[in-house]
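A quick write-up on the structure given underneath.
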Amino acid sequence: MDFSLNVPQESLIDTNFELIPQRRKIEVNGLNENNEVQVIVSDTKLLQSESSHITLKPYTIYVSSVLVQGSQSHVIPTKRMSHYFTVIIKVMMLKVETIYGGVKVHDSMLFKLEIVINETFDSISIEEEKPNGTRIDDFSLPGFKDFEFVDCPEFTFEQNTIYTNKILDRERGNSEYHCKIKATFEKDNQCTLRDVGSVIISIEDINDNPPVFPRQTYFGKVKENDPEAVVLFQDTSGKSVKITTADRDITPNNNITYTLSGGDDLPFSLTNNDRDAVIKVKRNSEIDKETKDNYIFIIEASDGINKNSATVTIEIIDVNEPAKFTKKNYTFNVSEDDSNVFVGYVIAVDEDKNEKYRKNKYNILSGSFGYFEITQNGSLYLKNTARQKQTLFFELIVSVSDENLPEERETTNVTIRVTDVNESPKFNQSLYNFLLLEGDACMDGMGQVYAYEIDFKDTDNSMFKFSIESNLFNVDPETGNITCKNSLDYERKTEYELEVKAVDKGSPPLSSTTKVLVKLEDANDNDPILDVGTNPVILCSNIRIKGKPITVVRASDADSGLNGQLTFSITKINGEDIFGIDDSGLVFVKEENNTLECNKNYTVEITCSDNGVNPRSVRRNLKVSVSAQGIKGLFKESEFFFNITEGVEYTNLPGLYFNQDVVSPTAQLFIEDRDAALHFSLRNKTLIINGIFDRENKTEYRIILKATETSGQSDIAVIRIHIIDVNDNPPVITDKNYIRYLSLYEGMKIGKLLIRVEASDADETKNTLFTYSLLTPNIPFIINSTTGNIITSEILDREKTSIYHLLVSVTDGNFTDVAYITVEIRDVNDNPPVIQDPGFKTINVTENLVHQAIPIKIRDEDSIGSININLNRNCPLSLNNPLSSNVQQSGSIATGELNFRKSLDYEEQTKYECIITATDGNYTTNKTLVINVVDVNDNSPVFHMIPEEIRVDAPINPGDILVDMINATDADSGSNSQIMFSVEPEEYYKINKNTGEIRFKSLQNDSNLVITITATDSGIPPKSSVAKINVTILNDRPKPEFIGLRDDLEVTENNVYQNLYTVKANISNITLANGERQCEFNYSIKGNSNFEIDEKGGNISLVKALDREELVSLDRLDRLSRLGLVVEAKTECGNFPVSSSTTLFITIMDENDNKPECKQQLQRIEILQSLSINDEVSKIEAKDDDGGYNGIQTYAATSTLEYFFINPKTGLISLKKKFPTSRKAEDYLISALVADPNNNLVCNISITVNPDNFNAPVFSQSKYTTSLDIGAKKGEVLVVDDLKASDKDNDTITYNLDPDERLFRINSSTNGPIITLTSDIKVDIQTVIILKVYAVDDVSPIKTGTCTIEIAIEGQFCLQESSYRGVKADAETATLFQILFYSMILALSLCVVLLVILCYKWRTSNRDKTKMEAYYKTAYLRPQNYDDVVGPGNNNGYTYADETNFDSGLDPYYSRQVNPIYVRASLMERARFDNLSPRSTVLEEPPPDYM
């Protein structure tokens, strides 16, 4: 057994080595100074036996031979190399003794220990790329020969010289080789190779590698209009990259210099920064995205000898620049009558490439005056007619600004000329009223009419003149001043009606007219006419009676008004006011103490004057004669007073007497009072009353009677008749027509005056004491019984009652009057409309079907304001007809139908949100109706970019790809859009049913074969489409190769790219046809309609924006977010067509086009109160379909959180403050703002903090004992001392029993459980019952404590004697039945056992008999008599074949005769017999028959 161990040289002396081969342990204590090794060997295998005892003896082992000892140096002519020093220790046989089972066991082992000490030589070197077999160096080592490299096949030895065994490349291989060397001893005849050391061979670098760009294409970005900006380059993930190169060579062979292609025309400059190339915009260069959106050029790297290049594509980032107007001035024309018309376009062009930078907003800064508006596409509209402005033009300043840069805007001037339309002159009044004084004052002017033109000023249309057709009046044609031709007389005509016309100078002229009403005012131009009548004669006896009537004078005036109202005055006599005169012309004695004398005549001058401004008067003389003739006057009194009750019929006035002795029968009486003359008459000197008087018509009459005698004497008496009032008139409510209908607005507060009911009564005051009342019950009004004021007693609400009918009563105590007042409560728009129908919020509509209309019903508690509905623009519904309104007392209801404008298409839009807005002019109500469009399988799959022919170069192997991917789409969704592919013929091709990748399955026989590709969707029923491709197998021909392909193409989703990348193909080893200078290629893109390629130039453009999230969902992107674009190059160069394809991998960069979403409407979390600070609570569950930077970036709480902290990057909620100790759960609501760079939303998290449940309930004892009487009844309480559990957490404890427990039930209380019986104790119940009680706390997690109650059933159960006998008999019967049952079971078991034994013995004996018969037949043993063999009474002889006694000694397992003694022998003796030969016999002599 050999062991080898490599150790450092310095560790050789006094070092312990442990070797464990095959469970044996060797301890090497090192070499002593005599080169001896002390070795102890033990057998670990023997140690496994418990009874073994191992005796270990130390042995001294001598080193049999030492080849090299110590450290030595050997000088080689070229290099110093390391040496191997090997010490070989040959170990003799070692003996080990041990005791095993009382027996001494010996063992021996042979060991060889080899200790190798290494030393490394110096290195040698050689330049790379040297030819094979180049000499490197010489090598020799004293004492060794036949050198070989162990693990360096690159080198070889020839006669102690090292040579290269291959061409070495430092960059592809190793720059340094550590080669172990083996050799044989020069003096050793054996060819055993031994390690002698190692050599280091260094490979020197030469400049044989070009600089290599890690990317063939660099994609950079720089903002436009940013001079000296450094171009930022990024990879597909958005991470910044540098333009750098790697050169496998080492310094100085890898010093790199960069240059750019494009010369001075390129607007970029290049600087070297260490090994990196920095590209930036030249200082004076202008880069405009709108002029050129990208630059593609070549960057070249050189190390002085070798060169390499890469393509640099720099995209110019669009900077948001304001739009520019196409003109600085715009001019448009409108007519002054135009309204709501399109004026023209004011166009601003935004050359920004980015769509989001082209959101411009137009505004009119000034000059509009509310007449114009501009839309967001630059359309200018005239809203209102410009006639009112009265201007020939408008000067507008219009601005345009980007929504993202509102402070930067461009402006332009817009001039709008207004064309005048002739309109007729307009009078400012349709009727003029002039009031003037009669006479000739009107000749200077009595008034002026005014007219105006709405046409533009200083035009013929705006100039007009006045005219009038009249013989009495003129009008100034320019000013409109009206004058009269002659003076006017009020007394002849009081008013005149004229028509004035205004005619303009337009073509044709237009005119208008107005009415002028001239009213004359009376001038005091007529004198009063005074008639004093005959000269009166007054008796001397009457000249001292004050107030004695003397005569009546009459006067008149042709003027009117005050000018015709007359007053009288009378002159004094001798300076005394002896006579007076009143307004009726009655002349009477004014002073009773006057100086009049009898038989004298007095002349009195009476003046009659009018009341005009310049009063006129007339004077007449009245001659009054005082006569002494006669003693008495004609009347007994000069004034009589009478009272007459109205309504009573009278014939004459009693007490009216004449002096009969004075008045002769021929005397005449005159009633000078005209009014009185209608009701009174004189007959035979008696004043006769004509009819019944009504006080309400006139309350008093004044009658002047004049009596004249034939002698000329006259006398005057004044009769005053007062009509006495009686209550003969009912009160009358005034203005019944006015108050019969009132209209009030709802909402009038309590105590507000509604109306004042007023009544009148023709009777006098004492008969006009009114009482007012309201006879209508249950109304919100009350009336003041005295004043008649009706006020509100409740707040009026039209929606409660809209009309009240009031019955108002007024009485004076005798008569009553009523009035009906209808009070309408007018509606105030104080209730919003309610959209009752549609009553659902979501409907599902199957696409392509004509759907029935959706009824709409809107109710408004108010009855005013028309209900209108509006639908948002994106809603597919429309209200074809106006709403049908039904205004009721309780409100208004508008009904209608919403019809679908068209059948819906799922592929166009899958979901609509219709916002139904109902408005009544004041209030607005919205209702959202979600319309889900249900997809049907109405679209077949559509193939895209399927080639008609594919040419494949031979050779072809099974598994080779024919088509990378079949591009087919289905406009449907879900399973209707899931496409599965199949291909025919299947014996030659196989297709990936999901991607459409087609591979060769076997070699096709024909060089041309048409394959059929079927795309089938998964709809019901499925739809399919078929495409055919002609596959041509070409022989070995050169194929086009794409050169300089980039692997870092990037595009950003939702954008299109022109000139994305240019592919180039080349073909080598081809013979050009005549006239061909070079191969021309036709390029195409296979299976992707989003991209287009220039067929000749190979320029690829992205023409249809990509949606990264959609591509991910369709599994179109690889794990690096790259989209594979298959590009094919075809050429017919060399008179035969060839083609090849390659896949460009384009990284789809994410754009922030998705908003974050909360995964749950309310995220619910439960935690424990004992949570420590910084412990994790949960994470905010939100998602954003965007990735990377555009995904969720920040999480933040919307308000300050006391206990929680939200990690702003991960959304992880942790605890920042310990919760206070509480035994009650607390709920916390967190509103977290989840935001990506552009969008945010609020997610709500409900956190329930449960108190910790540290302790379980514990009973005071684990086991309780009690007793229960055997006669206990249902409901009896089980008494258990101190049965109660406690909880250190002070939780509420409830108690329970085992669910299977039926005898007891338990109730919880603060003092412990209450256990009661659920039924009576039965007679046959066990004497001891074990009851298990559970104590459960109420804090999550719930904890439970248990205890057991041992219940002893005690007492005697007493029965009557008859009952006892029955119980005893039942018990005895049950016992007997049990005994019989168990006896039957035992007997049956014994029978089964016996039957098994008998069967076994029968089978065994039958088998033995058969074998014995076979034996005898085989051995030809035929003894004539049993006694002849063994003697009588002896069993030592042979047994006949027909005997069945087992004791005969036949062994069924041996084919020989067996002595019966052998059968009965002990195990030891049987073992001895087993060593006999199979054919030997135990008899000394054979039977006689065998002789």
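Every chain in the structure tokens has a letter given in the order shown (A, B, ...), and although residue numbers restart at 1 in each chain, ligands are simply numbered from 1 in the order shown.
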*Could you give me, as a PyMOL selection string, the residues within 8 Å of Leu774 (chain A), counting only C-alpha atoms and dropping anything in the same chain fewer than 2 positions from it?*
chain A and resi 772+776-777+782-783+806-809
Pull all heavy atoms from the residues just selected and write them as a PDB file, in the first residue's frame.
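Result file part_16.pdb:
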ATOM      1  N   TYR A 772    -111.634  90.163   9.784  1.00  0.00           N
ATOM      2  CA  TYR A 772    -111.128  89.341   8.702  1.00  0.00           C
ATOM      3  C   TYR A 772    -110.845  87.926   9.201  1.00  0.00           C
ATOM      4  O   TYR A 772    -110.426  87.726  10.350  1.00  0.00           O
ATOM      5  CB  TYR A 772    -109.840  89.926   8.113  1.00  0.00           C
ATOM      6  CG  TYR A 772    -110.011  91.294   7.508  1.00  0.00           C
ATOM      7  CD1 TYR A 772    -109.803  92.457   8.265  1.00  0.00           C
ATOM      8  CD2 TYR A 772    -110.355  91.432   6.169  1.00  0.00           C
ATOM      9  CE1 TYR A 772    -109.944  93.713   7.712  1.00  0.00           C
ATOM     10  CE2 TYR A 772    -110.497  92.699   5.606  1.00  0.00           C
ATOM     11  CZ  TYR A 772    -110.290  93.829   6.373  1.00  0.00           C
ATOM     12  OH  TYR A 772    -110.429  95.065   5.822  1.00  0.00           O
ATOM     13  N   THR A 776    -110.118  78.653   4.865  1.00  0.00           N
ATOM     14  CA  THR A 776    -109.489  77.441   4.323  1.00  0.00           C
ATOM     15  C   THR A 776    -108.597  76.810   5.388  1.00  0.00           C
ATOM     16  O   THR A 776    -107.713  77.482   5.933  1.00  0.00           O
ATOM     17  CB  THR A 776    -108.648  77.784   3.091  1.00  0.00           C
ATOM     18  OG1 THR A 776    -109.454  78.484   2.149  1.00  0.00           O
ATOM     19  CG2 THR A 776    -108.096  76.515   2.440  1.00  0.00           C
ATOM     20  N   PRO A 777    -108.816  75.525   5.698  1.00  0.00           N
ATOM     21  CA  PRO A 777    -107.998  74.879   6.725  1.00  0.00           C
ATOM     22  C   PRO A 777    -106.669  74.366   6.160  1.00  0.00           C
ATOM     23  O   PRO A 777    -106.490  74.223   4.956  1.00  0.00           O
ATOM     24  CB  PRO A 777    -108.877  73.708   7.176  1.00  0.00           C
ATOM     25  CG  PRO A 777    -109.647  73.345   5.941  1.00  0.00           C
ATOM     26  CD  PRO A 777    -109.882  74.633   5.187  1.00  0.00           C
ATOM     27  N   ILE A 782    -101.727  82.739   7.732  1.00  0.00           N
ATOM     28  CA  ILE A 782    -102.644  83.264   8.751  1.00  0.00           C
ATOM     29  C   ILE A 782    -102.965  84.707   8.378  1.00  0.00           C
ATOM     30  O   ILE A 782    -102.205  85.348   7.639  1.00  0.00           O
ATOM     31  CB  ILE A 782    -102.039  83.187  10.170  1.00  0.00           C
ATOM     32  CG1 ILE A 782    -100.696  83.941  10.233  1.00  0.00           C
ATOM     33  CG2 ILE A 782    -101.880  81.748  10.626  1.00  0.00           C
ATOM     34  CD1 ILE A 782    -100.102  83.994  11.642  1.00  0.00           C
ATOM     35  N   ILE A 783    -104.136  85.205   8.896  1.00  0.00           N
ATOM     36  CA  ILE A 783    -104.574  86.562   8.570  1.00  0.00           C
ATOM     37  C   ILE A 783    -104.793  87.332   9.854  1.00  0.00           C
ATOM     38  O   ILE A 783    -105.282  86.779  10.859  1.00  0.00           O
ATOM     39  CB  ILE A 783    -105.849  86.531   7.694  1.00  0.00           C
ATOM     40  CG1 ILE A 783    -106.152  87.939   7.151  1.00  0.00           C
ATOM     41  CG2 ILE A 783    -107.026  85.951   8.453  1.00  0.00           C
ATOM     42  CD1 ILE A 783    -107.242  87.939   6.087  1.00  0.00           C
ATOM     43  N   LEU A 806    -107.294  80.042  -1.171  1.00  0.00           N
ATOM     44  CA  LEU A 806    -107.665  80.676   0.084  1.00  0.00           C
ATOM     45  C   LEU A 806    -109.064  81.270  -0.048  1.00  0.00           C
ATOM     46  O   LEU A 806    -109.388  81.912  -1.061  1.00  0.00           O
ATOM     47  CB  LEU A 806    -106.661  81.778   0.449  1.00  0.00           C
ATOM     48  CG  LEU A 806    -105.175  81.407   0.456  1.00  0.00           C
ATOM     49  CD1 LEU A 806    -104.351  82.596   0.927  1.00  0.00           C
ATOM     50  CD2 LEU A 806    -104.915  80.201   1.340  1.00  0.00           C
ATOM     51  N   LEU A 807    -109.867  81.086   0.974  1.00  0.00           N
ATOM     52  CA  LEU A 807    -111.188  81.719   1.073  1.00  0.00           C
ATOM     53  C   LEU A 807    -111.118  82.732   2.207  1.00  0.00           C
ATOM     54  O   LEU A 807    -111.011  82.363   3.372  1.00  0.00           O
ATOM     55  CB  LEU A 807    -112.282  80.676   1.345  1.00  0.00           C
ATOM     56  CG  LEU A 807    -113.709  81.233   1.461  1.00  0.00           C
ATOM     57  CD1 LEU A 807    -114.107  81.974   0.176  1.00  0.00           C
ATOM     58  CD2 LEU A 807    -114.689  80.107   1.775  1.00  0.00           C
ATOM     59  N   VAL A 808    -111.125  84.025   1.833  1.00  0.00           N
ATOM     60  CA  VAL A 808    -110.990  85.116   2.802  1.00  0.00           C
ATOM     61  C   VAL A 808    -112.383  85.689   3.077  1.00  0.00           C
ATOM     62  O   VAL A 808    -113.146  85.959   2.140  1.00  0.00           O
ATOM     63  CB  VAL A 808    -110.055  86.212   2.274  1.00  0.00           C
ATOM     64  CG1 VAL A 808    -109.886  87.312   3.304  1.00  0.00           C
ATOM     65  CG2 VAL A 808    -108.703  85.612   1.899  1.00  0.00           C
ATOM     66  N   SER A 809    -112.705  85.892   4.322  1.00  0.00           N
ATOM     67  CA  SER A 809    -114.007  86.435   4.734  1.00  0.00           C
ATOM     68  C   SER A 809    -113.799  87.733   5.496  1.00  0.00           C
ATOM     69  O   SER A 809    -112.870  87.841   6.304  1.00  0.00           O
ATOM     70  CB  SER A 809    -114.754  85.418   5.610  1.00  0.00           C
ATOM     71  OG  SER A 809    -115.894  86.012   6.188  1.00  0.00           O
TER      72      SER A 809
END
_Contacts of Met748 (chain A) within 10 Å, only C-alpha atoms, excl. fewer than 3 positions in-chain, as an MDAnalysis selection string_ = chainID A and resid 744:745 751:754 792:797 825
*Could you please write out, as a ChimeraX atom specification, every residue of region 1262-1403 of chain A that DSSP assigns to strand (DSSP E)?*
/A:1263-1269,1277-1278,1285-1286,1294-1297,1304-1307,1314-1317,1328-1336,1344-1354
*Got a sec to tell me which of region 1107-1139 of chain A DSSP assigns to alpha helix (DSSP H), as a PyMOL selection string?*
chain A and resi 1108-1113
Serialized selection, C-alpha atoms, as a PDB file, in the first residue's frame:
ATOM      1  CA  ARG A1108     -43.653  47.625 -25.407  1.00  0.00           C
ATOM      2  CA  GLU A1109     -46.240  46.334 -22.957  1.00  0.00           C
ATOM      3  CA  GLU A1110     -48.260  44.761 -25.765  1.00  0.00           C
ATOM      4  CA  LEU A1111     -45.170  43.066 -27.152  1.00  0.00           C
ATOM      5  CA  VAL A1112     -44.354  41.692 -23.711  1.00  0.00           C
ATOM      6  CA  SER A1113     -47.875  40.311 -23.323  1.00  0.00           C
TER       7      SER A1113
END
*Which residues, written as an MDAnalysis selection string, have at least one atom at most 12 Å from region 339-343 of chain A, with only C-alpha atoms counted and residues fewer than 5 positions away on the same chain left out?*
chainID A and resid 330:334 371:375 378:388 414:418
Go ahead and save the residues from that selection, with N, CA and C atoms, as an mmCIF file, in the first residue's frame.
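again21.cif, freshly written:
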data_model
loop_
_atom_site.group_PDB
_atom_site.id
_atom_site.type_symbol
_atom_site.label_atom_id
_atom_site.label_comp_id
_atom_site.auth_asym_id
_atom_site.auth_seq_id
_atom_site.Cartn_x
_atom_site.Cartn_y
_atom_site.Cartn_z
ATOM 1 N N TYR A 330 -52.434 88.529 -41.107
ATOM 2 C CA TYR A 330 -53.535 87.869 -41.783
ATOM 3 C C TYR A 330 -54.654 88.891 -42.006
ATOM 4 N N THR A 331 -55.367 88.788 -43.137
ATOM 5 C CA THR A 331 -56.469 89.695 -43.427
ATOM 6 C C THR A 331 -57.669 88.871 -43.873
ATOM 7 N N PHE A 332 -58.829 89.159 -43.269
ATOM 8 C CA PHE A 332 -60.070 88.452 -43.609
ATOM 9 C C PHE A 332 -61.194 89.477 -43.726
ATOM 10 N N ASN A 333 -62.280 89.100 -44.411
ATOM 11 C CA ASN A 333 -63.459 89.942 -44.578
ATOM 12 C C ASN A 333 -64.672 89.230 -44.003
ATOM 13 N N VAL A 334 -65.518 90.031 -43.308
ATOM 14 C CA VAL A 334 -66.799 89.519 -42.820
ATOM 15 C C VAL A 334 -67.865 90.568 -43.078
ATOM 16 N N TYR A 371 -66.227 89.395 -29.838
ATOM 17 C CA TYR A 371 -66.891 89.057 -31.093
ATOM 18 C C TYR A 371 -66.298 87.812 -31.757
ATOM 19 N N PHE A 372 -65.060 87.469 -31.431
ATOM 20 C CA PHE A 372 -64.382 86.391 -32.145
ATOM 21 C C PHE A 372 -63.879 85.350 -31.153
ATOM 22 N N GLU A 373 -63.723 84.137 -31.648
ATOM 23 C CA GLU A 373 -63.092 83.067 -30.887
ATOM 24 C C GLU A 373 -62.270 82.230 -31.852
ATOM 25 N N ILE A 374 -61.267 81.555 -31.291
ATOM 26 C CA ILE A 374 -60.378 80.735 -32.105
ATOM 27 C C ILE A 374 -60.299 79.354 -31.500
ATOM 28 N N THR A 375 -60.370 78.349 -32.346
ATOM 29 C CA THR A 375 -60.290 76.966 -31.893
ATOM 30 C C THR A 375 -58.834 76.543 -31.849
ATOM 31 N N GLY A 378 -56.658 76.511 -34.999
ATOM 32 C CA GLY A 378 -56.410 77.781 -35.664
ATOM 33 C C GLY A 378 -57.584 78.323 -36.441
ATOM 34 N N SER A 379 -58.775 77.744 -36.248
ATOM 35 C CA SER A 379 -59.960 78.238 -36.961
ATOM 36 C C SER A 379 -60.524 79.439 -36.220
ATOM 37 N N LEU A 380 -60.679 80.538 -36.944
ATOM 38 C CA LEU A 380 -61.180 81.780 -36.379
ATOM 39 C C LEU A 380 -62.660 81.900 -36.720
ATOM 40 N N TYR A 381 -63.491 82.153 -35.701
ATOM 41 C CA TYR A 381 -64.935 82.250 -35.886
ATOM 42 C C TYR A 381 -65.434 83.593 -35.380
ATOM 43 N N LEU A 382 -66.465 84.109 -36.067
ATOM 44 C CA LEU A 382 -67.188 85.304 -35.621
ATOM 45 C C LEU A 382 -68.404 84.828 -34.828
ATOM 46 N N LYS A 383 -68.443 85.138 -33.539
ATOM 47 C CA LYS A 383 -69.526 84.661 -32.685
ATOM 48 C C LYS A 383 -70.773 85.513 -32.830
ATOM 49 N N ASN A 384 -70.624 86.853 -32.724
ATOM 50 C CA ASN A 384 -71.771 87.761 -32.732
ATOM 51 C C ASN A 384 -71.660 88.717 -33.913
ATOM 52 N N THR A 385 -72.794 89.232 -34.333
ATOM 53 C CA THR A 385 -72.787 90.187 -35.428
ATOM 54 C C THR A 385 -71.983 91.419 -35.044
ATOM 55 N N ALA A 386 -71.220 91.900 -36.013
ATOM 56 C CA ALA A 386 -70.330 93.042 -35.760
ATOM 57 C C ALA A 386 -71.048 94.370 -35.903
ATOM 58 N N ARG A 387 -72.353 94.356 -36.172
ATOM 59 C CA ARG A 387 -73.075 95.603 -36.387
ATOM 60 C C ARG A 387 -73.021 96.500 -35.158
ATOM 61 N N GLN A 388 -73.110 95.853 -34.002
ATOM 62 C CA GLN A 388 -73.167 96.661 -32.781
ATOM 63 C C GLN A 388 -71.870 97.411 -32.524
ATOM 64 N N VAL A 414 -53.977 89.958 -36.940
ATOM 65 C CA VAL A 414 -55.091 89.546 -37.793
ATOM 66 C C VAL A 414 -56.000 90.759 -37.997
ATOM 67 N N THR A 415 -56.145 91.181 -39.241
ATOM 68 C CA THR A 415 -57.027 92.297 -39.581
ATOM 69 C C THR A 415 -58.291 91.745 -40.211
ATOM 70 N N ILE A 416 -59.441 92.124 -39.649
ATOM 71 C CA ILE A 416 -60.725 91.648 -40.157
ATOM 72 C C ILE A 416 -61.528 92.869 -40.591
ATOM 73 N N ARG A 417 -61.770 92.966 -41.901
ATOM 74 C CA ARG A 417 -62.554 94.068 -42.449
ATOM 75 C C ARG A 417 -64.037 93.706 -42.423
ATOM 76 N N VAL A 418 -64.855 94.676 -42.020
ATOM 77 C CA VAL A 418 -66.291 94.461 -41.881
ATOM 78 C C VAL A 418 -67.004 95.180 -43.022
#
Show which residues sit within 7 Å of Thr161 (chain A), as a PDB file with N, CA and C atoms, in the first residue's frame. Count only C-alpha atoms, and ignore same-chain residues fewer than 2 positions away.
ATOM      1  N   ASP A 137      14.722  27.581 -25.652  1.00  0.00           N
ATOM      2  CA  ASP A 137      15.878  27.635 -24.749  1.00  0.00           C
ATOM      3  C   ASP A 137      16.353  26.221 -24.499  1.00  0.00           C
ATOM      4  N   ASP A 138      17.559  26.137 -23.915  1.00  0.00           N
ATOM      5  CA  ASP A 138      18.114  24.840 -23.498  1.00  0.00           C
ATOM      6  C   ASP A 138      17.808  24.592 -22.050  1.00  0.00           C
ATOM      7  N   PHE A 139      17.733  23.330 -21.697  1.00  0.00           N
ATOM      8  CA  PHE A 139      17.421  22.957 -20.311  1.00  0.00           C
ATOM      9  C   PHE A 139      18.181  21.696 -19.955  1.00  0.00           C
ATOM     10  N   PHE A 157      10.421  18.820 -25.742  1.00  0.00           N
ATOM     11  CA  PHE A 157      11.868  18.726 -25.554  1.00  0.00           C
ATOM     12  C   PHE A 157      12.467  17.940 -26.713  1.00  0.00           C
ATOM     13  N   GLU A 158      13.573  18.454 -27.189  1.00  0.00           N
ATOM     14  CA  GLU A 158      14.401  17.708 -28.128  1.00  0.00           C
ATOM     15  C   GLU A 158      15.856  17.899 -27.715  1.00  0.00           C
ATOM     16  N   GLN A 159      16.462  16.786 -27.198  1.00  0.00           N
ATOM     17  CA  GLN A 159      17.873  16.825 -26.770  1.00  0.00           C
ATOM     18  C   GLN A 159      18.125  17.982 -25.811  1.00  0.00           C
ATOM     19  N   TYR A 163      11.336  23.491 -27.552  1.00  0.00           N
ATOM     20  CA  TYR A 163      10.837  23.993 -28.809  1.00  0.00           C
ATOM     21  C   TYR A 163       9.309  24.204 -28.692  1.00  0.00           C
TER      22      TYR A 163
END
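Among the candidates A:Pro153, A:Gly197, A:Gly173, A:Pro1156, the residue lying nearest to Val1242 (chain A) is A:Pro1156 (atoms considered: only C-alpha atoms).
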*Non-local contacts of Thr271 (chain A) (10 Å; only C-alpha atoms; under 5 positions in same chain excluded) as an NGL selection string*: :A and (257-259 or 276-280)
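Across the structure, CA of Ile1230 (chain A) and CA of Asn1207 (chain A) are spaced 13.5 Å apart.
Comparing the minimum interatomic distances between Thr924 (chain A) and each of A:Arg798, A:Phe464, A:Ile719, A:Asp830, counting only C-alpha atoms, we find that A:Asp830 sits nearest.
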*asked:* Which residues are near Pro549 (chain A)? Cut-off 6 Å, only C-alpha atoms, ignore same chain within fewer than 6 positions. Put them as a list of chain:residue names.
replied: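 Returned residues: A:Val587, A:Phe588, A:Ile716.
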Output file for the residues above (C-alpha atoms, as an mmCIF file, in the first residue's frame):
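Written out: result-v1.cif:
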data_model
loop_
_atom_site.group_PDB
_atom_site.id
_atom_site.type_symbol
_atom_site.label_atom_id
_atom_site.label_comp_id
_atom_site.auth_asym_id
_atom_site.auth_seq_id
_atom_site.Cartn_x
_atom_site.Cartn_y
_atom_site.Cartn_z
ATOM 1 C CA VAL A 587 -124.459 136.760 -1.980
ATOM 2 C CA PHE A 588 -125.282 136.985 1.728
ATOM 3 C CA ILE A 716 -133.565 133.310 -0.681
#
*For Asp761 (chain A), work out the shell of residues within 7 Å, counting only C-alpha atoms and skipping chain neighbours fewer than 5 positions away, then give it as a VMD selection string.*
chain A and resid 729 to 732 768
_Calculated over only C-alpha atoms, which of the candidates A:Asp249, A:Glu1166, A:Glu176, A:Asp557 has the smallest distance to Thr1248 (chain A)?_
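Checking each candidate against Thr1248 (chain A), we get A:Glu1166 as the closest.
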